[in-house]
file run.cif (mmCIF, N, CA, C and O atoms)
data_data
loop_
_atom_site.label_atom_id
_atom_site.label_comp_id
_atom_site.auth_asym_id
_atom_site.auth_seq_id
_atom_site.Cartn_x
_atom_site.Cartn_y
_atom_site.Cartn_z
N MET K 106 147.10 66.78 99.25
CA MET K 106 146.27 66.84 100.42
C MET K 106 144.82 67.09 99.98
O MET K 106 144.54 67.92 99.14
N SER K 107 143.90 66.38 100.58
CA SER K 107 142.49 66.49 100.25
C SER K 107 141.84 67.59 101.10
O SER K 107 142.12 67.72 102.28
N THR K 108 140.95 68.35 100.49
CA THR K 108 140.26 69.40 101.23
C THR K 108 138.92 68.92 101.79
O THR K 108 138.30 69.59 102.58
N ALA K 109 138.47 67.76 101.35
CA ALA K 109 137.20 67.21 101.85
C ALA K 109 137.42 66.63 103.24
O ALA K 109 138.44 66.02 103.54
N MET K 110 136.45 66.82 104.09
CA MET K 110 136.53 66.28 105.45
C MET K 110 135.59 65.10 105.57
O MET K 110 134.45 65.17 105.14
N ASN K 111 136.07 64.05 106.16
CA ASN K 111 135.26 62.86 106.34
C ASN K 111 134.95 62.72 107.82
O ASN K 111 135.83 62.52 108.64
N PHE K 112 133.66 62.82 108.18
CA PHE K 112 133.25 62.73 109.57
C PHE K 112 132.68 61.36 109.91
O PHE K 112 131.90 61.22 110.82
N GLY K 113 133.04 60.37 109.20
CA GLY K 113 132.54 59.03 109.47
C GLY K 113 131.78 58.49 108.28
O GLY K 113 131.53 59.17 107.29
N SER K 114 131.40 57.26 108.39
CA SER K 114 130.72 56.62 107.27
C SER K 114 129.21 56.84 107.27
O SER K 114 128.55 56.52 106.30
N LYS K 115 128.64 57.36 108.35
CA LYS K 115 127.21 57.59 108.40
C LYS K 115 126.86 58.81 107.56
O LYS K 115 127.52 59.83 107.62
N SER K 116 125.81 58.68 106.77
CA SER K 116 125.35 59.83 105.99
C SER K 116 124.01 60.29 106.55
O SER K 116 123.20 59.50 107.00
N PHE K 117 123.81 61.58 106.52
CA PHE K 117 122.59 62.17 107.03
C PHE K 117 121.48 62.01 106.00
O PHE K 117 121.65 62.36 104.84
N GLN K 118 120.35 61.48 106.42
CA GLN K 118 119.19 61.32 105.54
C GLN K 118 118.08 62.25 106.04
O GLN K 118 117.38 61.92 106.97
N PRO K 119 117.95 63.43 105.43
CA PRO K 119 116.91 64.36 105.90
C PRO K 119 115.52 63.83 105.58
O PRO K 119 115.32 63.09 104.63
N ARG K 120 114.57 64.20 106.44
CA ARG K 120 113.18 63.85 106.19
C ARG K 120 112.31 65.00 106.67
O ARG K 120 112.66 65.69 107.62
N PRO K 121 111.18 65.20 106.02
CA PRO K 121 110.32 66.32 106.43
C PRO K 121 109.67 66.04 107.78
O PRO K 121 109.53 64.88 108.18
N PRO K 122 109.27 67.09 108.48
CA PRO K 122 108.58 66.89 109.76
C PRO K 122 107.23 66.22 109.55
O PRO K 122 106.64 66.30 108.47
N ASP K 123 106.74 65.54 110.59
CA ASP K 123 105.45 64.87 110.49
C ASP K 123 104.31 65.87 110.32
O ASP K 123 103.36 65.63 109.61
N LYS K 124 104.38 66.99 111.01
CA LYS K 124 103.33 68.00 110.95
C LYS K 124 103.96 69.35 110.66
O LYS K 124 105.12 69.59 110.91
N GLY K 125 103.13 70.24 110.13
CA GLY K 125 103.55 71.61 109.95
C GLY K 125 104.26 71.92 108.65
O GLY K 125 104.66 73.04 108.41
N SER K 126 104.41 70.95 107.77
CA SER K 126 105.06 71.19 106.49
C SER K 126 104.18 70.61 105.39
O SER K 126 103.79 69.46 105.46
N PHE K 127 103.86 71.43 104.42
CA PHE K 127 103.03 70.95 103.33
C PHE K 127 103.35 71.76 102.08
O PHE K 127 103.88 72.87 102.16
N PRO K 128 103.02 71.22 100.90
CA PRO K 128 103.34 71.92 99.66
C PRO K 128 102.60 73.25 99.53
O PRO K 128 101.48 73.40 100.02
N LEU K 129 103.24 74.20 98.88
CA LEU K 129 102.60 75.47 98.59
C LEU K 129 101.55 75.26 97.51
O LEU K 129 101.64 74.34 96.70
N ASP K 130 100.59 76.11 97.48
CA ASP K 130 99.51 76.05 96.49
C ASP K 130 99.94 76.84 95.25
O ASP K 130 99.44 77.93 94.98
N HIS K 131 100.88 76.28 94.49
CA HIS K 131 101.46 76.98 93.34
C HIS K 131 100.43 77.33 92.27
O HIS K 131 100.57 78.32 91.57
N PHE K 132 99.40 76.50 92.13
CA PHE K 132 98.42 76.71 91.07
C PHE K 132 97.18 77.46 91.56
O PHE K 132 96.22 77.63 90.82
N GLY K 133 97.18 77.89 92.81
CA GLY K 133 96.06 78.67 93.33
C GLY K 133 94.77 77.90 93.45
O GLY K 133 93.69 78.48 93.38
N GLU K 134 94.87 76.60 93.66
CA GLU K 134 93.68 75.77 93.72
C GLU K 134 92.77 76.13 94.89
O GLU K 134 91.56 75.94 94.83
N CYS K 135 93.34 76.62 95.97
CA CYS K 135 92.56 76.98 97.16
C CYS K 135 92.64 78.47 97.47
O CYS K 135 92.35 78.89 98.59
N LYS K 136 93.02 79.25 96.48
CA LYS K 136 93.21 80.68 96.69
C LYS K 136 91.94 81.37 97.16
O LYS K 136 91.97 82.21 98.06
N SER K 137 90.79 81.02 96.58
CA SER K 137 89.55 81.69 96.97
C SER K 137 89.21 81.41 98.44
O SER K 137 88.72 82.29 99.15
N PHE K 138 89.51 80.17 98.92
CA PHE K 138 89.26 79.84 100.31
C PHE K 138 90.21 80.61 101.23
O PHE K 138 89.82 81.09 102.29
N LYS K 139 91.46 80.72 100.78
CA LYS K 139 92.45 81.46 101.57
C LYS K 139 92.06 82.94 101.67
O LYS K 139 92.12 83.53 102.75
N GLU K 140 91.65 83.52 100.54
CA GLU K 140 91.26 84.93 100.53
C GLU K 140 90.04 85.17 101.42
O GLU K 140 89.98 86.18 102.13
N LYS K 141 89.09 84.26 101.38
CA LYS K 141 87.90 84.38 102.23
C LYS K 141 88.29 84.33 103.71
O LYS K 141 87.80 85.11 104.54
N PHE K 142 89.21 83.42 104.05
CA PHE K 142 89.69 83.30 105.43
C PHE K 142 90.44 84.56 105.85
O PHE K 142 90.21 85.12 106.93
N MET K 143 91.32 85.07 105.00
CA MET K 143 92.09 86.27 105.33
C MET K 143 91.18 87.49 105.47
O MET K 143 91.39 88.32 106.35
N LYS K 144 90.16 87.61 104.63
CA LYS K 144 89.21 88.72 104.74
C LYS K 144 88.47 88.64 106.07
O LYS K 144 88.29 89.64 106.76
N CYS K 145 88.07 87.42 106.45
CA CYS K 145 87.39 87.24 107.73
C CYS K 145 88.29 87.68 108.88
O CYS K 145 87.84 88.38 109.79
N LEU K 146 89.55 87.30 108.82
CA LEU K 146 90.49 87.72 109.87
C LEU K 146 90.61 89.23 109.95
O LEU K 146 90.54 89.83 111.02
N ARG K 147 90.79 89.87 108.80
CA ARG K 147 90.90 91.34 108.78
C ARG K 147 89.64 92.00 109.30
O ARG K 147 89.70 92.95 110.08
N ASP K 148 88.48 91.49 108.89
CA ASP K 148 87.20 92.08 109.31
C ASP K 148 86.93 91.89 110.80
O ASP K 148 86.12 92.62 111.38
N ASN K 149 87.59 90.90 111.41
CA ASN K 149 87.35 90.59 112.83
C ASN K 149 88.58 90.85 113.70
O ASN K 149 88.77 90.18 114.72
N ASN K 150 89.40 91.83 113.28
CA ASN K 150 90.60 92.21 114.05
C ASN K 150 91.48 91.01 114.38
O ASN K 150 92.03 90.91 115.47
N PHE K 151 91.57 90.09 113.45
CA PHE K 151 92.44 88.91 113.55
C PHE K 151 92.09 88.00 114.73
O PHE K 151 92.95 87.31 115.27
N GLU K 152 90.82 87.99 115.11
CA GLU K 152 90.32 87.04 116.11
C GLU K 152 89.99 85.75 115.38
O GLU K 152 88.90 85.59 114.82
N ASN K 153 90.93 84.82 115.37
CA ASN K 153 90.75 83.62 114.56
C ASN K 153 89.58 82.74 114.99
O ASN K 153 89.05 81.98 114.20
N ALA K 154 89.15 82.84 116.23
CA ALA K 154 88.01 82.05 116.69
C ALA K 154 86.74 82.42 115.93
O ALA K 154 85.85 81.59 115.78
N LEU K 155 86.67 83.65 115.42
CA LEU K 155 85.50 84.10 114.68
C LEU K 155 85.53 83.64 113.22
O LEU K 155 84.55 83.83 112.50
N CYS K 156 86.62 83.03 112.80
CA CYS K 156 86.78 82.62 111.39
C CYS K 156 87.01 81.12 111.27
O CYS K 156 87.62 80.66 110.31
N ARG K 157 86.51 80.36 112.21
CA ARG K 157 86.77 78.92 112.20
C ARG K 157 86.13 78.22 111.01
O ARG K 157 86.71 77.28 110.46
N ASN K 158 84.93 78.65 110.59
CA ASN K 158 84.30 78.02 109.42
C ASN K 158 85.15 78.23 108.17
O ASN K 158 85.34 77.29 107.38
N GLU K 159 85.66 79.43 108.00
CA GLU K 159 86.51 79.72 106.84
C GLU K 159 87.81 78.92 106.90
O GLU K 159 88.29 78.42 105.89
N SER K 160 88.36 78.79 108.09
CA SER K 160 89.58 78.01 108.27
C SER K 160 89.34 76.54 107.93
O SER K 160 90.13 75.91 107.23
N LYS K 161 88.22 76.01 108.38
CA LYS K 161 87.86 74.61 108.10
C LYS K 161 87.70 74.40 106.60
O LYS K 161 88.23 73.43 106.04
N GLU K 162 87.02 75.31 105.93
CA GLU K 162 86.83 75.19 104.48
C GLU K 162 88.16 75.24 103.73
O GLU K 162 88.37 74.49 102.77
N TYR K 163 89.06 76.10 104.17
CA TYR K 163 90.38 76.20 103.54
C TYR K 163 91.16 74.90 103.71
O TYR K 163 91.73 74.38 102.74
N LEU K 164 91.16 74.36 104.92
CA LEU K 164 91.89 73.10 105.15
C LEU K 164 91.25 71.95 104.40
O LEU K 164 91.96 71.07 103.88
N GLU K 165 89.94 71.92 104.30
CA GLU K 165 89.26 70.87 103.51
C GLU K 165 89.68 70.95 102.05
O GLU K 165 89.94 69.93 101.42
N CYS K 166 89.77 72.16 101.51
CA CYS K 166 90.21 72.34 100.14
C CYS K 166 91.62 71.79 99.96
O CYS K 166 91.90 71.06 99.00
N ARG K 167 92.51 72.11 100.88
CA ARG K 167 93.89 71.63 100.78
C ARG K 167 93.97 70.11 100.85
O ARG K 167 94.72 69.49 100.13
N MET K 168 93.16 69.52 101.72
CA MET K 168 93.17 68.05 101.84
C MET K 168 92.60 67.40 100.58
O MET K 168 93.15 66.41 100.09
N GLU K 169 91.52 67.96 100.03
CA GLU K 169 90.91 67.40 98.82
C GLU K 169 91.86 67.43 97.63
O GLU K 169 91.81 66.55 96.78
N ARG K 170 92.72 68.42 97.59
CA ARG K 170 93.65 68.57 96.46
C ARG K 170 95.05 68.05 96.77
O ARG K 170 95.99 68.32 96.06
N GLN K 171 95.15 67.31 97.86
CA GLN K 171 96.40 66.67 98.30
C GLN K 171 97.52 67.68 98.50
O GLN K 171 98.68 67.40 98.21
N LEU K 172 97.17 68.86 99.01
CA LEU K 172 98.18 69.86 99.36
C LEU K 172 98.58 69.73 100.82
O LEU K 172 99.44 70.46 101.30
N MET K 173 97.91 68.83 101.52
CA MET K 173 98.28 68.48 102.88
C MET K 173 97.70 67.10 103.16
O MET K 173 96.81 66.64 102.45
N ALA K 174 98.25 66.44 104.16
CA ALA K 174 97.77 65.11 104.50
C ALA K 174 96.34 65.18 104.99
O ALA K 174 95.95 66.12 105.70
N ARG K 175 95.54 64.20 104.61
CA ARG K 175 94.15 64.15 105.06
C ARG K 175 94.12 63.79 106.54
O ARG K 175 94.78 62.86 106.97
N GLU K 176 93.40 64.58 107.29
CA GLU K 176 93.22 64.38 108.73
C GLU K 176 91.74 64.50 109.04
O GLU K 176 91.05 65.29 108.41
N PRO K 177 91.26 63.75 110.02
CA PRO K 177 89.86 63.96 110.43
C PRO K 177 89.69 65.36 110.98
O PRO K 177 90.56 65.89 111.67
N LEU K 178 88.56 65.98 110.65
CA LEU K 178 88.32 67.35 111.12
C LEU K 178 88.30 67.43 112.63
O LEU K 178 88.70 68.45 113.21
N GLU K 179 87.87 66.38 113.28
CA GLU K 179 87.89 66.36 114.75
C GLU K 179 89.31 66.51 115.28
O GLU K 179 89.55 67.20 116.25
N LYS K 180 90.24 65.86 114.61
CA LYS K 180 91.64 65.91 115.04
C LYS K 180 92.25 67.30 114.81
O LYS K 180 93.18 67.70 115.51
N LEU K 181 91.70 68.03 113.85
CA LEU K 181 92.18 69.38 113.56
C LEU K 181 91.47 70.44 114.40
O LEU K 181 91.72 71.63 114.26
N GLY K 182 90.57 69.99 115.28
CA GLY K 182 89.90 70.92 116.17
C GLY K 182 88.58 71.46 115.65
O GLY K 182 88.06 72.45 116.17
N PHE K 183 88.03 70.83 114.62
CA PHE K 183 86.79 71.32 114.04
C PHE K 183 85.62 70.36 114.26
O PHE K 183 84.61 70.45 113.56
N GLY K 184 85.71 69.48 115.21
CA GLY K 184 84.65 68.51 115.47
C GLY K 184 83.31 69.17 115.76
O GLY K 184 82.26 68.66 115.37
N ASP K 185 83.35 70.32 116.41
CA ASP K 185 82.12 71.03 116.75
C ASP K 185 81.49 71.74 115.55
O ASP K 185 80.35 72.17 115.62
N LEU K 186 82.21 71.85 114.44
CA LEU K 186 81.68 72.53 113.26
C LEU K 186 81.13 71.57 112.22
O LEU K 186 80.60 72.01 111.20
N ILE K 187 81.26 70.30 112.45
CA ILE K 187 80.76 69.31 111.50
C ILE K 187 79.24 69.29 111.55
O ILE K 187 78.64 69.42 112.61
N ASP K 188 78.61 69.16 110.40
CA ASP K 188 77.15 69.14 110.27
C ASP K 188 76.51 70.46 110.69
O ASP K 188 75.42 70.49 111.23
N GLY K 189 77.24 71.58 110.49
CA GLY K 189 76.67 72.89 110.73
C GLY K 189 76.65 73.33 112.19
O GLY K 189 76.12 74.38 112.51
N ARG K 190 77.18 72.51 113.08
CA ARG K 190 77.21 72.92 114.49
C ARG K 190 78.23 74.03 114.66
O ARG K 190 79.22 74.10 113.96
N SER K 191 78.05 74.86 115.63
CA SER K 191 78.97 75.96 115.89
C SER K 191 79.43 75.92 117.33
O SER K 191 78.69 75.51 118.21
N GLU K 192 80.66 76.37 117.57
CA GLU K 192 81.17 76.38 118.94
C GLU K 192 80.67 77.57 119.74
O GLU K 192 80.76 77.61 120.94
N ILE K 193 80.18 78.59 119.07
CA ILE K 193 79.72 79.79 119.76
C ILE K 193 78.42 79.45 120.47
O ILE K 193 77.44 79.06 119.87
N LYS K 194 78.45 79.60 121.78
CA LYS K 194 77.29 79.27 122.60
C LYS K 194 76.64 80.55 123.07
O LYS K 194 77.30 81.47 123.52
N THR K 195 75.33 80.58 122.97
CA THR K 195 74.59 81.74 123.46
C THR K 195 73.89 81.37 124.74
O THR K 195 73.46 80.23 124.92
N GLU K 196 73.80 82.32 125.62
CA GLU K 196 73.14 82.07 126.90
C GLU K 196 71.64 82.23 126.72
O GLU K 196 71.20 83.09 125.97
N PRO K 197 70.82 81.42 127.44
CA PRO K 197 69.37 81.51 127.29
C PRO K 197 68.78 82.78 127.83
O PRO K 197 69.28 83.54 128.52
#
call {"tool": "encode", "arguments": {"input": "run.cif", "output": "structure tokens"}}
result
Amino acid sequence: MSTAMNFGSKSFQPRPPDKGSFPLDHFGECKSFKEKFMKCLRDNNFENALCRNESKEYLECRMERQLMAREPLEKLGFGDLIDGRSEIKTEP
């Protein structure tokens, strides 16, 4: 008697998700950007809106080193930070 169970001829072919999964930075290529971002978060009580420039720089580093798929910054929510613009608006 065989102990293996056969559930049909179809085999499962796993594939990674389209978004949200990327290689770890094993060689620390973007470690300085990550540390700068984490320090900003700690210094600002984890208000991530105050650390958007650091977040953008970290993601740019990851894209440049192929640690994540290249995406336009506008698509990642940083369109307002391109060319030095900032989302923080001050009242006149």
call {"tool": "select_by_dssp", "arguments": {"input": "run.cif", "residues": "stretch 134-167 of chain K", "states": "helix (DSSP H, G or I)", "output": "NGL selection string"}}
result
:K and (136-148 or 153-167)
call {"tool": "resolve_selection", "arguments": {"input": "run.cif", "expression": "the PyMOL selection byres (((chain K and resi 134 and name CA) around 12) and name CA)", "output": "list in words"}}
result
Pro128, Leu129, Asp130, His131, Phe132, Gly133, Cys135, Lys136, Ser137, Phe138, Lys139, Glu140, Tyr163, Leu164, Glu165, Cys166, Arg167, Met168, Glu169, Arg170, Gln171 and Leu172 of chain K
call {"tool": "atom_distance", "arguments": {"input": "run.cif", "atom1": "atom CA of K:Asn153", "atom2": "atom CA of K:Leu181"}}
result
14.3 Å
call {"tool": "atom_distance", "arguments": {"input": "run.cif", "atom1": "atom C of K:Lys141", "atom2": "atom C of K:Arg157"}}
result
9.8 Å
call {"tool": "atom_distance", "arguments": {"input": "run.cif", "atom1": "atom C of K:Phe151", "atom2": "atom C of K:Gly182"}}
result
16.9 Å
call {"tool": "build_atoms", "arguments": {"input": "run.cif", "residues": "stretch 134-145 of chain K", "atoms": "all heavy atoms", "output": "PDB file, in the coordinates of the input"}}
result
ATOM      1  N   GLU K 134      94.870  76.600  93.660  1.00  0.00           N
ATOM      2  CA  GLU K 134      93.680  75.770  93.720  1.00  0.00           C
ATOM      3  C   GLU K 134      92.770  76.130  94.890  1.00  0.00           C
ATOM      4  O   GLU K 134      91.560  75.940  94.830  1.00  0.00           O
ATOM      5  CB  GLU K 134      94.061  74.288  93.815  1.00  0.00           C
ATOM      6  CG  GLU K 134      94.823  73.786  92.607  1.00  0.00           C
ATOM      7  CD  GLU K 134      95.292  72.368  92.794  1.00  0.00           C
ATOM      8  OE1 GLU K 134      94.441  71.463  92.709  1.00  0.00           O
ATOM      9  OE2 GLU K 134      96.501  72.172  93.030  1.00  0.00           O
ATOM     10  N   CYS K 135      93.340  76.620  95.970  1.00  0.00           N
ATOM     11  CA  CYS K 135      92.560  76.980  97.160  1.00  0.00           C
ATOM     12  C   CYS K 135      92.640  78.470  97.470  1.00  0.00           C
ATOM     13  O   CYS K 135      92.350  78.890  98.590  1.00  0.00           O
ATOM     14  CB  CYS K 135      93.044  76.157  98.357  1.00  0.00           C
ATOM     15  SG  CYS K 135      92.810  74.386  98.144  1.00  0.00           S
ATOM     16  N   LYS K 136      93.020  79.250  96.480  1.00  0.00           N
ATOM     17  CA  LYS K 136      93.210  80.680  96.690  1.00  0.00           C
ATOM     18  C   LYS K 136      91.940  81.370  97.160  1.00  0.00           C
ATOM     19  O   LYS K 136      91.970  82.210  98.060  1.00  0.00           O
ATOM     20  CB  LYS K 136      93.729  81.336  95.414  1.00  0.00           C
ATOM     21  CG  LYS K 136      94.045  82.797  95.596  1.00  0.00           C
ATOM     22  CD  LYS K 136      94.652  83.390  94.343  1.00  0.00           C
ATOM     23  CE  LYS K 136      94.984  84.857  94.591  1.00  0.00           C
ATOM     24  NZ  LYS K 136      95.662  85.433  93.443  1.00  0.00           N
ATOM     25  N   SER K 137      90.790  81.020  96.580  1.00  0.00           N
ATOM     26  CA  SER K 137      89.550  81.690  96.970  1.00  0.00           C
ATOM     27  C   SER K 137      89.210  81.410  98.440  1.00  0.00           C
ATOM     28  O   SER K 137      88.720  82.290  99.150  1.00  0.00           O
ATOM     29  CB  SER K 137      88.392  81.268  96.072  1.00  0.00           C
ATOM     30  OG  SER K 137      88.122  79.888  96.200  1.00  0.00           O
ATOM     31  N   PHE K 138      89.510  80.170  98.920  1.00  0.00           N
ATOM     32  CA  PHE K 138      89.260  79.840 100.310  1.00  0.00           C
ATOM     33  C   PHE K 138      90.210  80.610 101.230  1.00  0.00           C
ATOM     34  O   PHE K 138      89.820  81.090 102.290  1.00  0.00           O
ATOM     35  CB  PHE K 138      89.417  78.330 100.544  1.00  0.00           C
ATOM     36  CG  PHE K 138      88.365  77.519  99.857  1.00  0.00           C
ATOM     37  CD1 PHE K 138      88.611  76.947  98.622  1.00  0.00           C
ATOM     38  CD2 PHE K 138      87.127  77.324 100.444  1.00  0.00           C
ATOM     39  CE1 PHE K 138      87.643  76.196  97.984  1.00  0.00           C
ATOM     40  CE2 PHE K 138      86.151  76.577  99.819  1.00  0.00           C
ATOM     41  CZ  PHE K 138      86.410  76.007  98.577  1.00  0.00           C
ATOM     42  N   LYS K 139      91.460  80.720 100.780  1.00  0.00           N
ATOM     43  CA  LYS K 139      92.450  81.460 101.570  1.00  0.00           C
ATOM     44  C   LYS K 139      92.060  82.940 101.670  1.00  0.00           C
ATOM     45  O   LYS K 139      92.120  83.530 102.750  1.00  0.00           O
ATOM     46  CB  LYS K 139      93.844  81.336 100.947  1.00  0.00           C
ATOM     47  CG  LYS K 139      94.915  82.108 101.715  1.00  0.00           C
ATOM     48  CD  LYS K 139      96.214  82.160 100.973  1.00  0.00           C
ATOM     49  CE  LYS K 139      96.113  83.224  99.921  1.00  0.00           C
ATOM     50  NZ  LYS K 139      97.338  83.616  99.288  1.00  0.00           N
ATOM     51  N   GLU K 140      91.650  83.520 100.540  1.00  0.00           N
ATOM     52  CA  GLU K 140      91.260  84.930 100.530  1.00  0.00           C
ATOM     53  C   GLU K 140      90.040  85.170 101.420  1.00  0.00           C
ATOM     54  O   GLU K 140      89.980  86.180 102.130  1.00  0.00           O
ATOM     55  CB  GLU K 140      90.986  85.404  99.096  1.00  0.00           C
ATOM     56  CG  GLU K 140      92.224  85.420  98.216  1.00  0.00           C
ATOM     57  CD  GLU K 140      93.312  86.347  98.737  1.00  0.00           C
ATOM     58  OE1 GLU K 140      92.994  87.412  99.296  1.00  0.00           O
ATOM     59  OE2 GLU K 140      94.493  86.003  98.582  1.00  0.00           O
ATOM     60  N   LYS K 141      89.090  84.260 101.380  1.00  0.00           N
ATOM     61  CA  LYS K 141      87.900  84.380 102.230  1.00  0.00           C
ATOM     62  C   LYS K 141      88.290  84.330 103.710  1.00  0.00           C
ATOM     63  O   LYS K 141      87.800  85.110 104.540  1.00  0.00           O
ATOM     64  CB  LYS K 141      86.919  83.250 101.897  1.00  0.00           C
ATOM     65  CG  LYS K 141      85.613  83.317 102.615  1.00  0.00           C
ATOM     66  CD  LYS K 141      84.703  82.181 102.160  1.00  0.00           C
ATOM     67  CE  LYS K 141      83.436  82.127 102.981  1.00  0.00           C
ATOM     68  NZ  LYS K 141      82.603  80.976 102.619  1.00  0.00           N
ATOM     69  N   PHE K 142      89.210  83.420 104.050  1.00  0.00           N
ATOM     70  CA  PHE K 142      89.690  83.300 105.430  1.00  0.00           C
ATOM     71  C   PHE K 142      90.440  84.560 105.850  1.00  0.00           C
ATOM     72  O   PHE K 142      90.210  85.120 106.930  1.00  0.00           O
ATOM     73  CB  PHE K 142      90.590  82.066 105.552  1.00  0.00           C
ATOM     74  CG  PHE K 142      91.266  81.923 106.887  1.00  0.00           C
ATOM     75  CD1 PHE K 142      90.534  81.798 108.055  1.00  0.00           C
ATOM     76  CD2 PHE K 142      92.649  81.900 106.977  1.00  0.00           C
ATOM     77  CE1 PHE K 142      91.159  81.667 109.286  1.00  0.00           C
ATOM     78  CE2 PHE K 142      93.279  81.769 108.199  1.00  0.00           C
ATOM     79  CZ  PHE K 142      92.532  81.653 109.359  1.00  0.00           C
ATOM     80  N   MET K 143      91.320  85.070 105.000  1.00  0.00           N
ATOM     81  CA  MET K 143      92.090  86.270 105.330  1.00  0.00           C
ATOM     82  C   MET K 143      91.180  87.490 105.470  1.00  0.00           C
ATOM     83  O   MET K 143      91.390  88.320 106.350  1.00  0.00           O
ATOM     84  CB  MET K 143      93.178  86.525 104.274  1.00  0.00           C
ATOM     85  CG  MET K 143      94.253  85.454 104.222  1.00  0.00           C
ATOM     86  SD  MET K 143      95.065  85.176 105.811  1.00  0.00           S
ATOM     87  CE  MET K 143      95.873  86.744 106.067  1.00  0.00           C
ATOM     88  N   LYS K 144      90.160  87.610 104.630  1.00  0.00           N
ATOM     89  CA  LYS K 144      89.210  88.720 104.740  1.00  0.00           C
ATOM     90  C   LYS K 144      88.470  88.640 106.070  1.00  0.00           C
ATOM     91  O   LYS K 144      88.290  89.640 106.760  1.00  0.00           O
ATOM     92  CB  LYS K 144      88.221  88.705 103.582  1.00  0.00           C
ATOM     93  CG  LYS K 144      87.221  89.845 103.649  1.00  0.00           C
ATOM     94  CD  LYS K 144      86.237  89.792 102.500  1.00  0.00           C
ATOM     95  CE  LYS K 144      85.238  90.925 102.486  1.00  0.00           C
ATOM     96  NZ  LYS K 144      84.837  91.511 103.712  1.00  0.00           N
ATOM     97  N   CYS K 145      88.070  87.420 106.450  1.00  0.00           N
ATOM     98  CA  CYS K 145      87.390  87.240 107.730  1.00  0.00           C
ATOM     99  C   CYS K 145      88.290  87.680 108.880  1.00  0.00           C
ATOM    100  O   CYS K 145      87.840  88.380 109.790  1.00  0.00           O
ATOM    101  CB  CYS K 145      86.975  85.774 107.901  1.00  0.00           C
ATOM    102  SG  CYS K 145      86.144  85.450 109.460  1.00  0.00           S
TER     103      CYS K 145
END
